[in-house]
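Asks: Structure provided below as structure tokens; questions to follow.
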Amino acid sequence: MAAHFGRRLRKGATTTAVAAVAVAALSASQAPGVTVDQHGRQSTSDAVPTPDTADGADSATGNSPYYTDLPPLNSPNPSPSAGGDGPSAGGGEAGIPATVLDAYKKAEAALREKKPGCNLPWQLLAAIGKVESGQARGGKVTADGTTLSPILGPQLDGNGFALIRDTDNGAYDGNSTYDQAVGPMQFIPSTWAWAGRDGNGDGVEDPNNIYDAALAAGHYLCRFGWDLSDSKDLDRAILSYNQSTDYLNTVLSWLEFYRKGTHEIPDGTGPLPEGRSDDRTPRPGSRTPGTAAPGTTSPKPPRTERPSDNRPSPGPSRPGGGATEPPTRPSPSPTTPPTTPPTTPPGTPQTPTDTVHRLKDAGTAELTARAGDAFAHRAGARAETEAGKPVAKVRIRFTVTGDTDTTFTGGEKVATVVTDGSGVAVAPRLKAGEKVGSFTVRATVVGRSVPALEHRATVTERTADRLVRVGDEALTCTPGGAFEHRVTVKATHDGSAADRVAATATLITSADEPDENDRGPYFKDADDQPVRTLTGLETGPDGQLKLPPLFADDTTGTFLLRITTAGGATLTVELTVAQDADGEEETEASPVPSEPAGD
């Protein structure tokens, strides 16, 4: 179906007009304002909420080409089932290879749990997968989702495409001179470095695996708190994948098509599209997109193994792209690329990024915060030439690394900021997580290999500097009875409620000897046995802590309960055990000082 439809688009003016109208109706009213870059490509000025340009240096594919074939005008409705009598009109295109479809649905389920407010539909992943790689070349994947052969976009050498020099030494794309988009969802290596995910649980983040790539694409589309059920956020997310209104329209058309009905087909039997956004005569000395780089072999990704739940949240860069089956027409004679990319390829104008020689600290103050708090200071970096002059309009990527759940404001672990006139880029504010310890904020230049600048940051435990009792009821009890009122306290830090602060409560012998008492009031454990020290307590969202009920043994007198929080805030509360007024005899009071309680 795809091949015939692609030819119809090229040959039939009437069909082309109808298809264009159909696509425009889906998205024309939603697309943001459009600008045109120096190559004549259309892009949106507000595609992402961070500074960006159309050169693709901070995108997932450098705005690589993509498939432009549109879905049939007649979609299967209702959806044909896998065990039915076969697809109806449009059913060939509606079929999605089984493993690929499973990857999309698993990614949707994962995002529903991790980022429920994003409302990511798996059909959007399917639409992007169709446009990027024809559903992994019609589902040519292994049982675990890895493509049978690499899917590569063109080398991004600045000749008709973005200029993105090698960032992975060819580990993912086999090209040590320039980057290329890789895999069924077409990520370039520099984006995969922070956006990669382990979707199939094998401990490896592989852009050539559809489970990994689909999960990474889902997280990518859900960054910035976007709600994809909102048409404006949906547009922004798609445009952040590839800054082209044509790309937006094409993805939206497939999204609408898949929403009307899809069905599962065997792996390797999916249709392959024909039309491409870069459909033109190959340039002299260049290769046809979708083949390995000249002089290289099919790359295997480095096995970056780490727990699947220790994920850096995606930051502000955008995927897009498209790759093809290996071409049938002859490829140019291969040449071996240099092992070290030239500083500036011949005939390529020098950019500000090319002049960056080093990154220096831009006066970053100590990065320390309590768990759950925002950091008071922000990390900064200054881009300089070899002569020490500032370099403006350079993208600096800040990445939170290490065993931490701290993120930038908005919940992401990666942020890209453009340097100002003084060459300085300041990272967004950090929000401390609950994991205590040190980590690193690493600053790197996007599109330039210079030593990274690292800032050490520390998250300390939640603390309180003051502890007061809530309520003033007398805490009294008769021997062998239960105290009528429970002890409630409130912790504060710098005058504000201190939530989730660890606390300990102990019934002590005296104010001067805070050892655990062996008689008098007590708490009960799960087996109803007396216990006089409680650990693992924690204040609530309002800073308050309500202790469990207290009981008394047969000893009368005045006793002390001491509550201590992380940070050293302490409160001592008096407890009284006495006979009723009608009692005939009293037990001698315990020798506990009756000094007033203090903070």
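Labeling convention for the structure tokens: chains A, B, ... as they appear, residues from 1 per chain, ligands from 1 in order of appearance.
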Name all residues at most 8 Å from stretch 515-524 of chain A (count only C-alpha atoms; drop same-chain ones fewer than 5 positions away) and give them as a PyMOL selection string.

Replies: chain A and resi 506-510+529-533+548-556+559+575+577

Asks: Take the residues from that selection and put them in a file with N, CA, C and O atoms, as a compact mmCIF listing (two decimals), in the first residue's frame.

Replies:
```
# COMPACT_ATOMS: atom_id res chain seq x y z
N THR A 506 11.39 8.88 73.38
CA THR A 506 11.90 7.99 74.42
C THR A 506 11.38 8.42 75.78
O THR A 506 11.42 9.61 76.11
N LEU A 507 10.90 7.48 76.56
CA LEU A 507 10.54 7.73 77.96
C LEU A 507 11.81 7.59 78.76
O LEU A 507 12.41 6.51 78.85
N ILE A 508 12.28 8.72 79.35
CA ILE A 508 13.60 8.77 79.97
C ILE A 508 13.49 8.78 81.49
O ILE A 508 12.43 9.06 82.07
N THR A 509 14.63 8.48 82.14
CA THR A 509 14.63 8.41 83.61
C THR A 509 14.60 9.78 84.24
O THR A 509 13.94 9.99 85.27
N SER A 510 15.34 10.75 83.66
CA SER A 510 15.35 12.11 84.20
C SER A 510 15.88 13.05 83.13
O SER A 510 16.46 12.61 82.13
N GLN A 529 3.20 -5.54 73.45
CA GLN A 529 4.20 -5.56 74.51
C GLN A 529 4.70 -4.15 74.78
O GLN A 529 4.78 -3.32 73.87
N PRO A 530 5.05 -3.83 76.06
CA PRO A 530 5.53 -2.49 76.40
C PRO A 530 6.81 -2.14 75.64
O PRO A 530 7.70 -2.98 75.50
N VAL A 531 6.89 -0.93 75.13
CA VAL A 531 8.10 -0.41 74.49
C VAL A 531 8.22 1.06 74.87
O VAL A 531 7.23 1.80 74.86
N ARG A 532 9.41 1.50 75.26
CA ARG A 532 9.58 2.86 75.78
C ARG A 532 10.47 3.73 74.88
O ARG A 532 10.81 4.85 75.25
N THR A 533 10.84 3.23 73.71
CA THR A 533 11.55 4.04 72.71
C THR A 533 10.95 3.77 71.34
O THR A 533 10.85 2.60 70.93
N PRO A 548 1.77 7.52 69.08
CA PRO A 548 0.77 6.49 69.40
C PRO A 548 0.27 6.65 70.83
O PRO A 548 0.87 7.37 71.63
N PRO A 549 -0.80 5.96 71.20
CA PRO A 549 -1.34 6.05 72.57
C PRO A 549 -0.31 5.60 73.60
O PRO A 549 0.53 4.73 73.34
N LEU A 550 -0.38 6.23 74.78
CA LEU A 550 0.48 5.89 75.91
C LEU A 550 -0.33 5.13 76.96
O LEU A 550 -1.52 5.40 77.15
N PHE A 551 0.35 4.23 77.67
CA PHE A 551 -0.29 3.45 78.72
C PHE A 551 0.56 3.56 79.98
O PHE A 551 1.73 3.95 79.92
N ALA A 552 -0.02 3.20 81.13
CA ALA A 552 0.70 3.27 82.39
C ALA A 552 0.73 1.91 83.07
O ALA A 552 -0.23 1.14 82.98
N ASP A 553 1.88 1.65 83.73
CA ASP A 553 1.91 0.46 84.57
C ASP A 553 1.41 0.85 85.96
O ASP A 553 0.73 1.88 86.10
N ASP A 554 1.77 0.12 86.98
CA ASP A 554 1.22 0.41 88.31
C ASP A 554 2.01 1.45 89.08
O ASP A 554 1.65 1.79 90.23
N THR A 555 3.06 1.98 88.47
CA THR A 555 3.88 2.97 89.16
C THR A 555 3.29 4.37 88.99
O THR A 555 2.96 4.78 87.88
N THR A 556 3.14 5.08 90.11
CA THR A 556 2.62 6.45 90.04
C THR A 556 3.77 7.44 90.12
O THR A 556 4.88 7.12 90.54
N PHE A 559 6.61 11.55 85.10
CA PHE A 559 7.57 10.94 84.20
C PHE A 559 7.84 11.88 83.02
O PHE A 559 7.06 12.81 82.78
N LEU A 575 4.52 13.64 82.03
CA LEU A 575 3.40 12.72 82.10
C LEU A 575 3.15 12.40 83.58
O LEU A 575 4.10 12.17 84.34
N VAL A 577 1.11 10.01 86.43
CA VAL A 577 0.33 8.82 86.76
C VAL A 577 -0.07 8.91 88.23
O VAL A 577 0.79 9.00 89.12
```

Asks: Near A:Val573, within 12 Å and counting only C-alpha atoms, which residues show up once chain neighbours fewer than 6 positions away are dropped, as a ChimeraX atom specification?

Replies: /A:467-476,486-489,505-508,510-511,558-564,594-599

Asks: Hey, what's within 7 Å of A:Val394 if we count only C-alpha atoms and toss same-chain stuff fewer than 6 positions away? As a ChimeraX atom specification, please?

Replies: /A:352-353,418-419

Asks: Restricting the output to C-alpha atoms, write the selected residues as a tab-separated table (two decimals), in the first residue's frame.

Replies:
```tsv
chain	number	residue	atom	x	y	z
A	352	PRO	CA	30.54	30.31	17.66
A	353	THR	CA	30.61	26.74	18.98
A	418	VAL	CA	22.41	29.30	25.53
A	419	THR	CA	25.27	31.52	26.66
```

Asks: Which one is closest to A:Ala136: A:Thr385, A:Thr269, A:Thr167, A:Thr191? Count only C-alpha atoms.

Replies: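 For A:Ala136, the nearest of the given residues is A:Thr269.
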
Asks: I need the strand (DSSP E or B) residues of stretch 69-219 of chain A per DSSP on the backbone, written as a PyMOL selection string.

Replies: chain A and resi 95-97+141+146-147+152+157+163+165+178+182+187+204+209

Asks: Please dump the current selection as a PDB file, in the first residue's frame; keep C-alpha atoms.

Replies:
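Done, and the output landed in selection22.pdb:
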```
ATOM      1  CA  GLY A  95      -1.092  -3.186  10.508  1.00  0.00           C
ATOM      2  CA  ILE A  96       1.783  -2.730  12.961  1.00  0.00           C
ATOM      3  CA  PRO A  97       4.380  -5.479  13.474  1.00  0.00           C
ATOM      4  CA  VAL A 141      13.493  -6.924  14.642  1.00  0.00           C
ATOM      5  CA  THR A 146      16.577  -5.194  18.353  1.00  0.00           C
ATOM      6  CA  THR A 147      16.693  -4.298  14.655  1.00  0.00           C
ATOM      7  CA  LEU A 152      20.976   5.084  10.201  1.00  0.00           C
ATOM      8  CA  ASP A 157      27.947  17.171   7.860  1.00  0.00           C
ATOM      9  CA  LEU A 163      26.320  20.199  11.136  1.00  0.00           C
ATOM     10  CA  ARG A 165      30.355  16.579  14.536  1.00  0.00           C
ATOM     11  CA  TYR A 178      29.945  13.284  12.081  1.00  0.00           C
ATOM     12  CA  VAL A 182      20.309   5.861  14.939  1.00  0.00           C
ATOM     13  CA  PHE A 187      18.117   9.439  18.053  1.00  0.00           C
ATOM     14  CA  VAL A 204      21.336  -2.016  28.304  1.00  0.00           C
ATOM     15  CA  ASN A 209      16.130  -1.703  20.273  1.00  0.00           C
TER      16      ASN A 209
END
```
